[in-house]
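S.K.: run19.txt is reproduced below (compact mmCIF, N, CA and C atoms).
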# COMPACT_ATOMS: atom_id res chain seq x y z
N GLN A 1 -18.26 -9.38 0.21
CA GLN A 1 -17.22 -9.34 1.23
C GLN A 1 -15.86 -9.49 0.55
N VAL A 2 -14.92 -8.65 0.94
CA VAL A 2 -13.56 -8.70 0.41
C VAL A 2 -12.60 -8.85 1.57
N GLN A 3 -11.66 -9.74 1.43
CA GLN A 3 -10.58 -9.86 2.41
C GLN A 3 -9.28 -9.45 1.74
N LEU A 4 -8.49 -8.70 2.47
CA LEU A 4 -7.22 -8.20 1.94
C LEU A 4 -6.07 -8.77 2.76
N VAL A 5 -5.05 -9.24 2.06
CA VAL A 5 -3.88 -9.79 2.74
C VAL A 5 -2.64 -9.12 2.16
N GLU A 6 -1.89 -8.43 3.03
CA GLU A 6 -0.66 -7.79 2.61
C GLU A 6 0.53 -8.70 2.86
N SER A 7 1.54 -8.56 2.02
CA SER A 7 2.79 -9.29 2.21
C SER A 7 3.92 -8.52 1.57
N GLY A 8 5.14 -8.97 1.83
CA GLY A 8 6.31 -8.36 1.20
C GLY A 8 7.13 -7.46 2.09
N GLY A 9 6.65 -7.24 3.30
CA GLY A 9 7.42 -6.41 4.22
C GLY A 9 8.66 -7.13 4.70
N GLY A 10 9.49 -6.40 5.43
CA GLY A 10 10.71 -6.99 5.97
C GLY A 10 11.67 -5.94 6.46
N LEU A 11 12.89 -6.37 6.70
CA LEU A 11 13.95 -5.49 7.17
C LEU A 11 14.88 -5.17 6.00
N VAL A 12 15.14 -3.90 5.79
CA VAL A 12 15.97 -3.48 4.66
C VAL A 12 16.81 -2.28 5.10
N GLN A 13 17.97 -2.12 4.51
CA GLN A 13 18.83 -0.98 4.83
C GLN A 13 18.37 0.25 4.05
N THR A 14 18.76 1.41 4.52
CA THR A 14 18.44 2.63 3.81
C THR A 14 18.96 2.55 2.38
N GLY A 15 18.14 3.03 1.46
CA GLY A 15 18.47 2.96 0.05
C GLY A 15 17.99 1.70 -0.63
N GLY A 16 17.53 0.74 0.16
CA GLY A 16 17.08 -0.52 -0.41
C GLY A 16 15.67 -0.46 -0.96
N SER A 17 15.19 -1.61 -1.41
CA SER A 17 13.87 -1.70 -2.04
C SER A 17 13.08 -2.86 -1.49
N LEU A 18 11.78 -2.70 -1.52
CA LEU A 18 10.83 -3.78 -1.20
C LEU A 18 9.63 -3.62 -2.12
N ARG A 19 8.96 -4.73 -2.38
CA ARG A 19 7.70 -4.68 -3.09
C ARG A 19 6.62 -5.32 -2.23
N LEU A 20 5.65 -4.51 -1.89
CA LEU A 20 4.52 -5.00 -1.11
C LEU A 20 3.40 -5.45 -2.05
N SER A 21 2.67 -6.45 -1.60
CA SER A 21 1.51 -6.93 -2.34
C SER A 21 0.28 -6.88 -1.45
N CYS A 22 -0.84 -6.57 -2.05
CA CYS A 22 -2.13 -6.60 -1.37
C CYS A 22 -3.03 -7.48 -2.24
N VAL A 23 -3.31 -8.68 -1.74
CA VAL A 23 -4.12 -9.63 -2.49
C VAL A 23 -5.52 -9.65 -1.93
N ALA A 24 -6.49 -9.56 -2.82
CA ALA A 24 -7.89 -9.51 -2.40
C ALA A 24 -8.62 -10.80 -2.77
N SER A 25 -9.46 -11.24 -1.87
CA SER A 25 -10.39 -12.32 -2.20
C SER A 25 -11.74 -11.68 -2.47
N GLY A 26 -12.59 -12.37 -3.14
CA GLY A 26 -13.90 -11.81 -3.43
C GLY A 26 -14.01 -11.36 -4.88
N ARG A 27 -15.19 -10.93 -5.21
CA ARG A 27 -15.46 -10.57 -6.61
C ARG A 27 -15.28 -9.08 -6.86
N ASP A 28 -15.20 -8.74 -8.13
CA ASP A 28 -15.27 -7.35 -8.58
C ASP A 28 -14.17 -6.47 -7.98
N PHE A 29 -13.00 -7.03 -7.78
CA PHE A 29 -11.89 -6.25 -7.23
C PHE A 29 -11.55 -5.07 -8.11
N SER A 30 -11.74 -5.21 -9.40
CA SER A 30 -11.39 -4.13 -10.33
C SER A 30 -12.24 -2.89 -10.10
N ALA A 31 -13.35 -3.03 -9.42
CA ALA A 31 -14.24 -1.90 -9.16
C ALA A 31 -13.83 -1.09 -7.94
N TYR A 32 -12.84 -1.57 -7.21
CA TYR A 32 -12.43 -0.91 -5.97
C TYR A 32 -11.26 0.04 -6.20
N VAL A 33 -11.33 1.19 -5.58
CA VAL A 33 -10.17 2.06 -5.43
C VAL A 33 -9.34 1.49 -4.29
N VAL A 34 -8.05 1.37 -4.49
CA VAL A 34 -7.19 0.77 -3.48
C VAL A 34 -6.14 1.79 -3.03
N ARG A 35 -5.96 1.86 -1.75
CA ARG A 35 -5.00 2.78 -1.14
C ARG A 35 -4.04 2.01 -0.24
N TRP A 36 -2.84 2.48 -0.14
CA TRP A 36 -1.89 2.05 0.88
C TRP A 36 -1.78 3.16 1.93
N PHE A 37 -1.83 2.73 3.17
CA PHE A 37 -1.59 3.61 4.30
C PHE A 37 -0.41 3.01 5.09
N ARG A 38 0.11 3.83 6.00
CA ARG A 38 1.14 3.30 6.90
C ARG A 38 0.98 3.93 8.28
N GLN A 39 1.41 3.17 9.26
CA GLN A 39 1.38 3.65 10.64
C GLN A 39 2.73 3.38 11.26
N GLY A 40 3.46 4.45 11.49
CA GLY A 40 4.79 4.33 12.04
C GLY A 40 4.79 4.41 13.56
N PRO A 41 5.96 4.19 14.16
CA PRO A 41 6.06 4.26 15.61
C PRO A 41 5.63 5.63 16.12
N GLU A 42 4.71 5.63 17.03
CA GLU A 42 4.24 6.87 17.65
C GLU A 42 3.69 7.86 16.62
N LYS A 43 3.18 7.35 15.53
CA LYS A 43 2.58 8.21 14.52
C LYS A 43 1.18 7.73 14.22
N GLY A 44 0.38 8.63 13.70
CA GLY A 44 -0.95 8.24 13.26
C GLY A 44 -0.88 7.56 11.90
N ARG A 45 -2.00 7.07 11.49
CA ARG A 45 -2.06 6.42 10.18
C ARG A 45 -2.02 7.49 9.09
N GLU A 46 -1.18 7.29 8.09
CA GLU A 46 -1.07 8.29 7.03
C GLU A 46 -1.20 7.65 5.66
N PHE A 47 -1.77 8.39 4.76
CA PHE A 47 -1.95 7.97 3.38
C PHE A 47 -0.59 7.88 2.69
N VAL A 48 -0.41 6.85 1.88
CA VAL A 48 0.84 6.68 1.13
C VAL A 48 0.59 6.80 -0.37
N ALA A 49 -0.35 6.00 -0.88
CA ALA A 49 -0.58 5.97 -2.33
C ALA A 49 -1.98 5.45 -2.59
N ARG A 50 -2.45 5.78 -3.78
CA ARG A 50 -3.81 5.39 -4.18
C ARG A 50 -3.76 5.02 -5.65
N ILE A 51 -4.58 4.05 -6.03
CA ILE A 51 -4.73 3.72 -7.45
C ILE A 51 -6.20 3.60 -7.76
N SER A 52 -6.61 4.28 -8.81
CA SER A 52 -8.01 4.29 -9.19
C SER A 52 -8.38 3.00 -9.92
N THR A 53 -9.64 2.86 -10.23
CA THR A 53 -10.08 1.67 -10.94
C THR A 53 -9.49 1.62 -12.35
N SER A 54 -9.16 2.77 -12.90
CA SER A 54 -8.57 2.80 -14.24
C SER A 54 -7.04 2.79 -14.21
N GLY A 55 -6.48 2.71 -13.00
CA GLY A 55 -5.03 2.59 -12.88
C GLY A 55 -4.29 3.89 -12.67
N ASN A 56 -4.99 4.99 -12.45
CA ASN A 56 -4.32 6.26 -12.20
C ASN A 56 -3.81 6.32 -10.77
N PRO A 57 -2.52 6.66 -10.60
CA PRO A 57 -1.93 6.68 -9.26
C PRO A 57 -1.91 8.07 -8.64
N ASP A 58 -1.77 8.07 -7.33
CA ASP A 58 -1.62 9.31 -6.59
C ASP A 58 -0.76 8.97 -5.38
N TYR A 59 0.08 9.92 -4.93
CA TYR A 59 1.05 9.65 -3.86
C TYR A 59 1.13 10.80 -2.87
N ARG A 60 1.53 10.47 -1.66
CA ARG A 60 1.89 11.54 -0.73
C ARG A 60 3.23 12.11 -1.20
N ASP A 61 3.46 13.37 -0.91
CA ASP A 61 4.63 14.05 -1.46
C ASP A 61 5.94 13.38 -1.10
N SER A 62 6.04 12.87 0.12
CA SER A 62 7.33 12.36 0.58
C SER A 62 7.76 11.06 -0.10
N VAL A 63 6.85 10.41 -0.84
CA VAL A 63 7.22 9.16 -1.51
C VAL A 63 7.24 9.30 -3.02
N LYS A 64 6.85 10.45 -3.52
CA LYS A 64 6.83 10.65 -4.98
C LYS A 64 8.23 10.46 -5.54
N GLY A 65 8.31 9.72 -6.64
CA GLY A 65 9.60 9.45 -7.26
C GLY A 65 10.31 8.24 -6.67
N ARG A 66 9.83 7.74 -5.54
CA ARG A 66 10.45 6.56 -4.91
C ARG A 66 9.51 5.36 -4.89
N PHE A 67 8.22 5.59 -4.73
CA PHE A 67 7.23 4.52 -4.64
C PHE A 67 6.39 4.49 -5.91
N THR A 68 5.99 3.30 -6.29
CA THR A 68 5.11 3.13 -7.44
C THR A 68 4.00 2.15 -7.07
N ILE A 69 2.77 2.58 -7.26
CA ILE A 69 1.62 1.72 -7.02
C ILE A 69 1.11 1.21 -8.35
N SER A 70 0.71 -0.05 -8.39
CA SER A 70 0.18 -0.64 -9.62
C SER A 70 -0.83 -1.71 -9.24
N ARG A 71 -1.61 -2.12 -10.21
CA ARG A 71 -2.59 -3.17 -9.94
C ARG A 71 -2.65 -4.15 -11.08
N ASP A 72 -2.93 -5.40 -10.73
CA ASP A 72 -3.17 -6.48 -11.69
C ASP A 72 -4.52 -7.08 -11.33
N ASN A 73 -5.54 -6.62 -12.01
CA ASN A 73 -6.89 -7.06 -11.66
C ASN A 73 -7.11 -8.55 -11.94
N ALA A 74 -6.39 -9.09 -12.90
CA ALA A 74 -6.50 -10.52 -13.18
C ALA A 74 -6.03 -11.36 -12.00
N LYS A 75 -5.12 -10.78 -11.20
CA LYS A 75 -4.60 -11.48 -10.02
C LYS A 75 -5.19 -10.92 -8.73
N ASN A 76 -6.14 -10.00 -8.85
CA ASN A 76 -6.74 -9.38 -7.65
C ASN A 76 -5.66 -8.82 -6.72
N THR A 77 -4.68 -8.17 -7.30
CA THR A 77 -3.52 -7.73 -6.52
C THR A 77 -3.15 -6.29 -6.84
N VAL A 78 -2.82 -5.57 -5.79
CA VAL A 78 -2.22 -4.24 -5.91
C VAL A 78 -0.83 -4.30 -5.31
N TYR A 79 0.11 -3.68 -5.99
CA TYR A 79 1.50 -3.69 -5.57
C TYR A 79 1.94 -2.29 -5.14
N LEU A 80 2.91 -2.26 -4.25
CA LEU A 80 3.57 -1.00 -3.91
C LEU A 80 5.07 -1.26 -3.99
N GLN A 81 5.68 -0.78 -5.06
CA GLN A 81 7.13 -0.90 -5.21
C GLN A 81 7.77 0.28 -4.49
N MET A 82 8.64 -0.02 -3.56
CA MET A 82 9.26 1.02 -2.74
C MET A 82 10.77 0.99 -2.96
N ASN A 83 11.29 2.05 -3.50
CA ASN A 83 12.73 2.17 -3.77
C ASN A 83 13.34 3.28 -2.93
N ASP A 84 14.64 3.25 -2.79
CA ASP A 84 15.36 4.29 -2.05
C ASP A 84 14.72 4.51 -0.67
N LEU A 85 14.53 3.43 0.05
CA LEU A 85 13.85 3.51 1.33
C LEU A 85 14.65 4.32 2.35
N LYS A 86 13.93 5.05 3.17
CA LYS A 86 14.52 5.91 4.20
C LYS A 86 14.06 5.45 5.58
N LEU A 87 14.80 5.89 6.60
CA LEU A 87 14.44 5.49 7.96
C LEU A 87 12.99 5.85 8.28
N GLU A 88 12.56 6.98 7.80
CA GLU A 88 11.21 7.44 8.11
C GLU A 88 10.11 6.66 7.40
N ASP A 89 10.49 5.74 6.52
CA ASP A 89 9.50 4.87 5.88
C ASP A 89 9.14 3.68 6.77
N THR A 90 9.84 3.51 7.87
CA THR A 90 9.55 2.41 8.78
C THR A 90 8.13 2.54 9.32
N ALA A 91 7.34 1.48 9.13
CA ALA A 91 5.93 1.52 9.53
C ALA A 91 5.28 0.17 9.23
N VAL A 92 4.09 0.00 9.76
CA VAL A 92 3.22 -1.07 9.28
C VAL A 92 2.43 -0.51 8.10
N TYR A 93 2.49 -1.22 6.99
CA TYR A 93 1.81 -0.78 5.77
C TYR A 93 0.52 -1.60 5.61
N LEU A 94 -0.56 -0.89 5.40
CA LEU A 94 -1.89 -1.51 5.28
C LEU A 94 -2.53 -1.10 3.95
N CYS A 95 -3.23 -2.03 3.36
CA CYS A 95 -3.99 -1.66 2.17
C CYS A 95 -5.48 -1.58 2.52
N ASN A 96 -6.16 -0.85 1.69
CA ASN A 96 -7.56 -0.45 1.92
C ASN A 96 -8.24 -0.47 0.56
N ALA A 97 -9.38 -1.11 0.49
CA ALA A 97 -10.14 -1.17 -0.76
C ALA A 97 -11.49 -0.52 -0.52
N ASN A 98 -11.84 0.39 -1.39
CA ASN A 98 -13.06 1.18 -1.19
C ASN A 98 -13.94 1.15 -2.42
N LEU A 99 -15.23 0.92 -2.18
CA LEU A 99 -16.23 1.01 -3.23
C LEU A 99 -17.46 1.67 -2.62
N GLY A 100 -17.70 2.91 -2.99
CA GLY A 100 -18.81 3.64 -2.41
C GLY A 100 -18.63 3.80 -0.90
N ALA A 101 -19.63 3.36 -0.16
CA ALA A 101 -19.60 3.49 1.29
C ALA A 101 -18.92 2.31 1.97
N THR A 102 -18.45 1.38 1.19
CA THR A 102 -17.85 0.15 1.74
C THR A 102 -16.34 0.22 1.67
N THR A 103 -15.71 -0.06 2.80
CA THR A 103 -14.25 -0.05 2.87
C THR A 103 -13.77 -1.29 3.60
N TYR A 104 -12.75 -1.90 3.07
CA TYR A 104 -12.13 -3.06 3.70
C TYR A 104 -10.66 -2.74 3.96
N TRP A 105 -10.15 -3.33 5.05
CA TRP A 105 -8.76 -3.15 5.43
C TRP A 105 -8.07 -4.51 5.58
N GLY A 106 -6.79 -4.53 5.24
CA GLY A 106 -5.98 -5.68 5.56
C GLY A 106 -5.37 -5.52 6.94
N GLN A 107 -4.57 -6.51 7.34
CA GLN A 107 -3.98 -6.48 8.68
C GLN A 107 -2.61 -5.83 8.70
N GLY A 108 -2.01 -5.66 7.55
CA GLY A 108 -0.76 -4.94 7.49
C GLY A 108 0.48 -5.82 7.39
N THR A 109 1.55 -5.21 6.91
CA THR A 109 2.84 -5.87 6.84
C THR A 109 3.91 -4.88 7.31
N GLN A 110 4.83 -5.37 8.13
CA GLN A 110 5.82 -4.49 8.76
C GLN A 110 6.98 -4.22 7.80
N VAL A 111 7.32 -2.96 7.67
CA VAL A 111 8.52 -2.55 6.92
C VAL A 111 9.43 -1.83 7.90
N THR A 112 10.65 -2.33 8.01
CA THR A 112 11.63 -1.71 8.90
C THR A 112 12.87 -1.35 8.10
N VAL A 113 13.22 -0.09 8.13
CA VAL A 113 14.39 0.40 7.42
C VAL A 113 15.46 0.74 8.44
N SER A 114 16.64 0.17 8.26
CA SER A 114 17.74 0.41 9.21
C SER A 114 18.90 1.10 8.52
N SER A 115 19.70 1.76 9.34
CA SER A 115 20.86 2.48 8.77
C SER A 115 22.09 1.61 8.73
Rewrite the structure from the file as structure tokens, please.
M.R.:
Amino acid sequence: QVQLVESGGGLVQTGGSLRLSCVASGRDFSAYVVRWFRQGPEKGREFVARISTSGNPDYRDSVKGRFTISRDNAKNTVYLQMNDLKLEDTAVYLCNANLGATTYWGQGTQVTVSS
């Protein structure tokens, strides 16, 4: 069993930065592929970024060059560094850890970008 807790969200102006953290409890976190998703107002849940077990990242096009995903397996933590934030980045950000057929979700952290 893995529990995921996100933190680091908040209110920021356009162009600002935030760093989100996804901390996992449980064993073998390094074996999980971890993804960040977001759900904005009146929008469905959308993929933001992914990091493989070996640390290879992948991003949705709209965040490439602005967001960076990384992991510290010693701390059971995945980070999402978000720079040059835009109004459209406003959403609840959730992390997801997947190993085979097993997937765990956190409860999310709110990111609000204002002009």
S.K.: When distances are computed from all atoms listed in the file, which of A:Trp36, A:Val2, A:Lys64, A:Leu18 shows the smallest separation from Gln81 in chain A?
M.R.: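 Closest candidate: A:Leu18.
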S.K.: Which neighbours of Val78 in chain A fall inside 8 Å, counting all atoms listed in the file, when residues of the same chain fewer than 2 positions from it are skipped, and could you give them as a PDB file with N, CA and C atoms, in the coordinates of the input?
M.R.:
ATOM      1  N   LEU A  20       5.650  -4.510  -1.890  1.00  0.00           N
ATOM      2  CA  LEU A  20       4.520  -5.000  -1.110  1.00  0.00           C
ATOM      3  C   LEU A  20       3.400  -5.450  -2.050  1.00  0.00           C
ATOM      4  N   SER A  21       2.670  -6.450  -1.600  1.00  0.00           N
ATOM      5  CA  SER A  21       1.510  -6.930  -2.340  1.00  0.00           C
ATOM      6  C   SER A  21       0.280  -6.880  -1.450  1.00  0.00           C
ATOM      7  N   CYS A  22      -0.840  -6.570  -2.050  1.00  0.00           N
ATOM      8  CA  CYS A  22      -2.130  -6.600  -1.370  1.00  0.00           C
ATOM      9  C   CYS A  22      -3.030  -7.480  -2.240  1.00  0.00           C
ATOM     10  N   VAL A  23      -3.310  -8.680  -1.740  1.00  0.00           N
ATOM     11  CA  VAL A  23      -4.120  -9.630  -2.490  1.00  0.00           C
ATOM     12  C   VAL A  23      -5.520  -9.650  -1.930  1.00  0.00           C
ATOM     13  N   ALA A  24      -6.490  -9.560  -2.820  1.00  0.00           N
ATOM     14  CA  ALA A  24      -7.890  -9.510  -2.400  1.00  0.00           C
ATOM     15  C   ALA A  24      -8.620 -10.800  -2.770  1.00  0.00           C
ATOM     16  N   VAL A  34      -8.050   1.370  -4.490  1.00  0.00           N
ATOM     17  CA  VAL A  34      -7.190   0.770  -3.480  1.00  0.00           C
ATOM     18  C   VAL A  34      -6.140   1.790  -3.030  1.00  0.00           C
ATOM     19  N   ILE A  69       2.770   2.580  -7.260  1.00  0.00           N
ATOM     20  CA  ILE A  69       1.620   1.720  -7.020  1.00  0.00           C
ATOM     21  C   ILE A  69       1.110   1.210  -8.350  1.00  0.00           C
ATOM     22  N   SER A  70       0.710  -0.050  -8.390  1.00  0.00           N
ATOM     23  CA  SER A  70       0.180  -0.640  -9.620  1.00  0.00           C
ATOM     24  C   SER A  70      -0.830  -1.710  -9.240  1.00  0.00           C
ATOM     25  N   ARG A  71      -1.610  -2.120 -10.210  1.00  0.00           N
ATOM     26  CA  ARG A  71      -2.590  -3.170  -9.940  1.00  0.00           C
ATOM     27  C   ARG A  71      -2.650  -4.150 -11.080  1.00  0.00           C
ATOM     28  N   ASP A  72      -2.930  -5.400 -10.730  1.00  0.00           N
ATOM     29  CA  ASP A  72      -3.170  -6.480 -11.690  1.00  0.00           C
ATOM     30  C   ASP A  72      -4.520  -7.080 -11.330  1.00  0.00           C
ATOM     31  N   ASN A  73      -5.540  -6.620 -12.010  1.00  0.00           N
ATOM     32  CA  ASN A  73      -6.890  -7.060 -11.660  1.00  0.00           C
ATOM     33  C   ASN A  73      -7.110  -8.550 -11.940  1.00  0.00           C
ATOM     34  N   LYS A  75      -5.120 -10.780 -11.200  1.00  0.00           N
ATOM     35  CA  LYS A  75      -4.600 -11.480 -10.020  1.00  0.00           C
ATOM     36  C   LYS A  75      -5.190 -10.920  -8.730  1.00  0.00           C
ATOM     37  N   ASN A  76      -6.140 -10.000  -8.850  1.00  0.00           N
ATOM     38  CA  ASN A  76      -6.740  -9.380  -7.650  1.00  0.00           C
ATOM     39  C   ASN A  76      -5.660  -8.820  -6.720  1.00  0.00           C
ATOM     40  N   LEU A  80       2.910  -2.260  -4.250  1.00  0.00           N
ATOM     41  CA  LEU A  80       3.570  -1.000  -3.910  1.00  0.00           C
ATOM     42  C   LEU A  80       5.070  -1.260  -3.990  1.00  0.00           C
ATOM     43  N   GLN A  81       5.680  -0.780  -5.060  1.00  0.00           N
ATOM     44  CA  GLN A  81       7.130  -0.900  -5.210  1.00  0.00           C
ATOM     45  C   GLN A  81       7.770   0.280  -4.490  1.00  0.00           C
TER      46      GLN A  81
END
S.K.: Pick out the residues sitting within 7 Å of Leu87 in chain A, and hand them over as a list in words; count only C-alpha atoms, and ignore anything fewer than 6 positions along from it in its own chain.
M.R.: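 The residues that qualify are Thr14, Val113 and Ser114 of chain A.
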S.K.: Keeping only N, CA and C atoms, write the selected residues to a file as a PDB file, in the frame of the given file.
M.R.:
ATOM      1  N   THR A  14      18.760   1.410   4.520  1.00  0.00           N
ATOM      2  CA  THR A  14      18.440   2.630   3.810  1.00  0.00           C
ATOM      3  C   THR A  14      18.960   2.550   2.380  1.00  0.00           C
ATOM      4  N   VAL A 113      13.220  -0.090   8.130  1.00  0.00           N
ATOM      5  CA  VAL A 113      14.390   0.400   7.420  1.00  0.00           C
ATOM      6  C   VAL A 113      15.460   0.740   8.440  1.00  0.00           C
ATOM      7  N   SER A 114      16.640   0.170   8.260  1.00  0.00           N
ATOM      8  CA  SER A 114      17.740   0.410   9.210  1.00  0.00           C
ATOM      9  C   SER A 114      18.900   1.100   8.520  1.00  0.00           C
TER      10      SER A 114
END
S.K.: If you count all atoms listed in the file, which residues fall within 6 Å of Ala31 in chain A, apart from same-chain ones fewer than 3 positions away, as a PyMOL selection string?
M.R.: chain A and resi 28+53+98-99
S.K.: CA of Ala97 in chain A and CA of Val48 in chain A are how many Å apart?
M.R.: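 Computing it gives 13.6 Å between the two atoms.
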S.K.: May I ask which of the residues A:Val92, A:Ala74, A:Val12, A:Val111 is the closest one to Phe29 in chain A, counting only C-alpha atoms?
M.R.: A:Ala74
S.K.: Please measure the separation of atom N of Thr68 in chain A and atom N of Leu94 in chain A, giving the value in Å to one decimal.
M.R.: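 Atom N of Thr68 in chain A sits 14.0 Å away from atom N of Leu94 in chain A.
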S.K.: Taking (-1.1, -5.6, 8.0) in the file's coordinates, which residues come within 8 Å, counting only N, CA and C atoms, written as a ChimeraX atom specification?
M.R.: /A:4-7,92-95,105-110
S.K.: Distance atom C of Ser115 in chain A-atom N of Gly15 in chain A, one decimal place?
M.R.: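 Calculated distance between atom C of Ser115 in chain A and atom N of Gly15 in chain A is 8.4 Å.
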S.K.: Residues near Gly16 in chain A, anyone? I mean within 9 Å using only C-alpha atoms, not counting same-chain ones fewer than 4 positions away, as a VMD selection string.
M.R.: chain A and resid 12 82 to 86 113
S.K.: Using DSSP assignments from the backbone, pull out every residue in chain A that falls under helix (DSSP H, G or I) and give it to me as a PDB file with N, CA and C atoms, in the frame of the given file.
M.R.:
ATOM      1  N   PHE A  29     -13.000  -7.030  -7.780  1.00  0.00           N
ATOM      2  CA  PHE A  29     -11.890  -6.250  -7.230  1.00  0.00           C
ATOM      3  C   PHE A  29     -11.550  -5.070  -8.110  1.00  0.00           C
ATOM      4  N   SER A  30     -11.740  -5.210  -9.400  1.00  0.00           N
ATOM      5  CA  SER A  30     -11.390  -4.130 -10.330  1.00  0.00           C
ATOM      6  C   SER A  30     -12.240  -2.890 -10.100  1.00  0.00           C
ATOM      7  N   ALA A  31     -13.350  -3.030  -9.420  1.00  0.00           N
ATOM      8  CA  ALA A  31     -14.240  -1.900  -9.160  1.00  0.00           C
ATOM      9  C   ALA A  31     -13.830  -1.090  -7.940  1.00  0.00           C
ATOM     10  N   ASP A  61       3.460  13.370  -0.910  1.00  0.00           N
ATOM     11  CA  ASP A  61       4.630  14.050  -1.460  1.00  0.00           C
ATOM     12  C   ASP A  61       5.940  13.380  -1.100  1.00  0.00           C
ATOM     13  N   SER A  62       6.040  12.870   0.120  1.00  0.00           N
ATOM     14  CA  SER A  62       7.330  12.360   0.580  1.00  0.00           C
ATOM     15  C   SER A  62       7.760  11.060  -0.100  1.00  0.00           C
ATOM     16  N   VAL A  63       6.850  10.410  -0.840  1.00  0.00           N
ATOM     17  CA  VAL A  63       7.220   9.160  -1.510  1.00  0.00           C
ATOM     18  C   VAL A  63       7.240   9.300  -3.020  1.00  0.00           C
ATOM     19  N   ASN A  73      -5.540  -6.620 -12.010  1.00  0.00           N
ATOM     20  CA  ASN A  73      -6.890  -7.060 -11.660  1.00  0.00           C
ATOM     21  C   ASN A  73      -7.110  -8.550 -11.940  1.00  0.00           C
ATOM     22  N   ALA A  74      -6.390  -9.090 -12.900  1.00  0.00           N
ATOM     23  CA  ALA A  74      -6.500 -10.520 -13.180  1.00  0.00           C
ATOM     24  C   ALA A  74      -6.030 -11.360 -12.000  1.00  0.00           C
ATOM     25  N   LYS A  75      -5.120 -10.780 -11.200  1.00  0.00           N
ATOM     26  CA  LYS A  75      -4.600 -11.480 -10.020  1.00  0.00           C
ATOM     27  C   LYS A  75      -5.190 -10.920  -8.730  1.00  0.00           C
ATOM     28  N   LEU A  87      14.800   5.890   6.600  1.00  0.00           N
ATOM     29  CA  LEU A  87      14.440   5.490   7.960  1.00  0.00           C
ATOM     30  C   LEU A  87      12.990   5.850   8.280  1.00  0.00           C
ATOM     31  N   GLU A  88      12.560   6.980   7.800  1.00  0.00           N
ATOM     32  CA  GLU A  88      11.210   7.440   8.110  1.00  0.00           C
ATOM     33  C   GLU A  88      10.110   6.660   7.400  1.00  0.00           C
ATOM     34  N   ASP A  89      10.490   5.740   6.520  1.00  0.00           N
ATOM     35  CA  ASP A  89       9.500   4.870   5.880  1.00  0.00           C
ATOM     36  C   ASP A  89       9.140   3.680   6.770  1.00  0.00           C
TER      37      ASP A  89
END
S.K.: Have range 108-112 of chain A completed to all heavy atoms, please, and pass it along as a PDB file, keeping the file's coordinate frame.
M.R.:
ATOM      1  N   GLY A 108      -2.010  -5.660   7.550  1.00  0.00           N
ATOM      2  CA  GLY A 108      -0.760  -4.940   7.490  1.00  0.00           C
ATOM      3  C   GLY A 108       0.480  -5.820   7.390  1.00  0.00           C
ATOM      4  O   GLY A 108       0.445  -7.014   7.723  1.00  0.00           O
ATOM      5  N   THR A 109       1.550  -5.210   6.910  1.00  0.00           N
ATOM      6  CA  THR A 109       2.840  -5.870   6.840  1.00  0.00           C
ATOM      7  C   THR A 109       3.910  -4.880   7.310  1.00  0.00           C
ATOM      8  O   THR A 109       3.863  -3.700   6.955  1.00  0.00           O
ATOM      9  CB  THR A 109       3.137  -6.379   5.414  1.00  0.00           C
ATOM     10  OG1 THR A 109       4.361  -7.111   5.397  1.00  0.00           O
ATOM     11  CG2 THR A 109       3.211  -5.250   4.382  1.00  0.00           C
ATOM     12  N   GLN A 110       4.830  -5.370   8.130  1.00  0.00           N
ATOM     13  CA  GLN A 110       5.820  -4.490   8.760  1.00  0.00           C
ATOM     14  C   GLN A 110       6.980  -4.220   7.800  1.00  0.00           C
ATOM     15  O   GLN A 110       7.559  -5.163   7.238  1.00  0.00           O
ATOM     16  CB  GLN A 110       6.363  -5.121  10.039  1.00  0.00           C
ATOM     17  CG  GLN A 110       7.472  -4.333  10.721  1.00  0.00           C
ATOM     18  CD  GLN A 110       6.983  -3.052  11.344  1.00  0.00           C
ATOM     19  OE1 GLN A 110       5.971  -3.018  12.033  1.00  0.00           O
ATOM     20  NE2 GLN A 110       7.714  -1.953  11.099  1.00  0.00           N
ATOM     21  N   VAL A 111       7.320  -2.960   7.670  1.00  0.00           N
ATOM     22  CA  VAL A 111       8.520  -2.550   6.920  1.00  0.00           C
ATOM     23  C   VAL A 111       9.430  -1.830   7.900  1.00  0.00           C
ATOM     24  O   VAL A 111       9.030  -0.868   8.543  1.00  0.00           O
ATOM     25  CB  VAL A 111       8.152  -1.608   5.753  1.00  0.00           C
ATOM     26  CG1 VAL A 111       9.408  -1.011   5.126  1.00  0.00           C
ATOM     27  CG2 VAL A 111       7.327  -2.358   4.714  1.00  0.00           C
ATOM     28  N   THR A 112      10.650  -2.330   8.010  1.00  0.00           N
ATOM     29  CA  THR A 112      11.630  -1.710   8.900  1.00  0.00           C
ATOM     30  C   THR A 112      12.870  -1.350   8.100  1.00  0.00           C
ATOM     31  O   THR A 112      13.459  -2.218   7.442  1.00  0.00           O
ATOM     32  CB  THR A 112      12.024  -2.654  10.048  1.00  0.00           C
ATOM     33  OG1 THR A 112      10.841  -3.016  10.775  1.00  0.00           O
ATOM     34  CG2 THR A 112      12.996  -1.975  11.000  1.00  0.00           C
TER      35      THR A 112
END
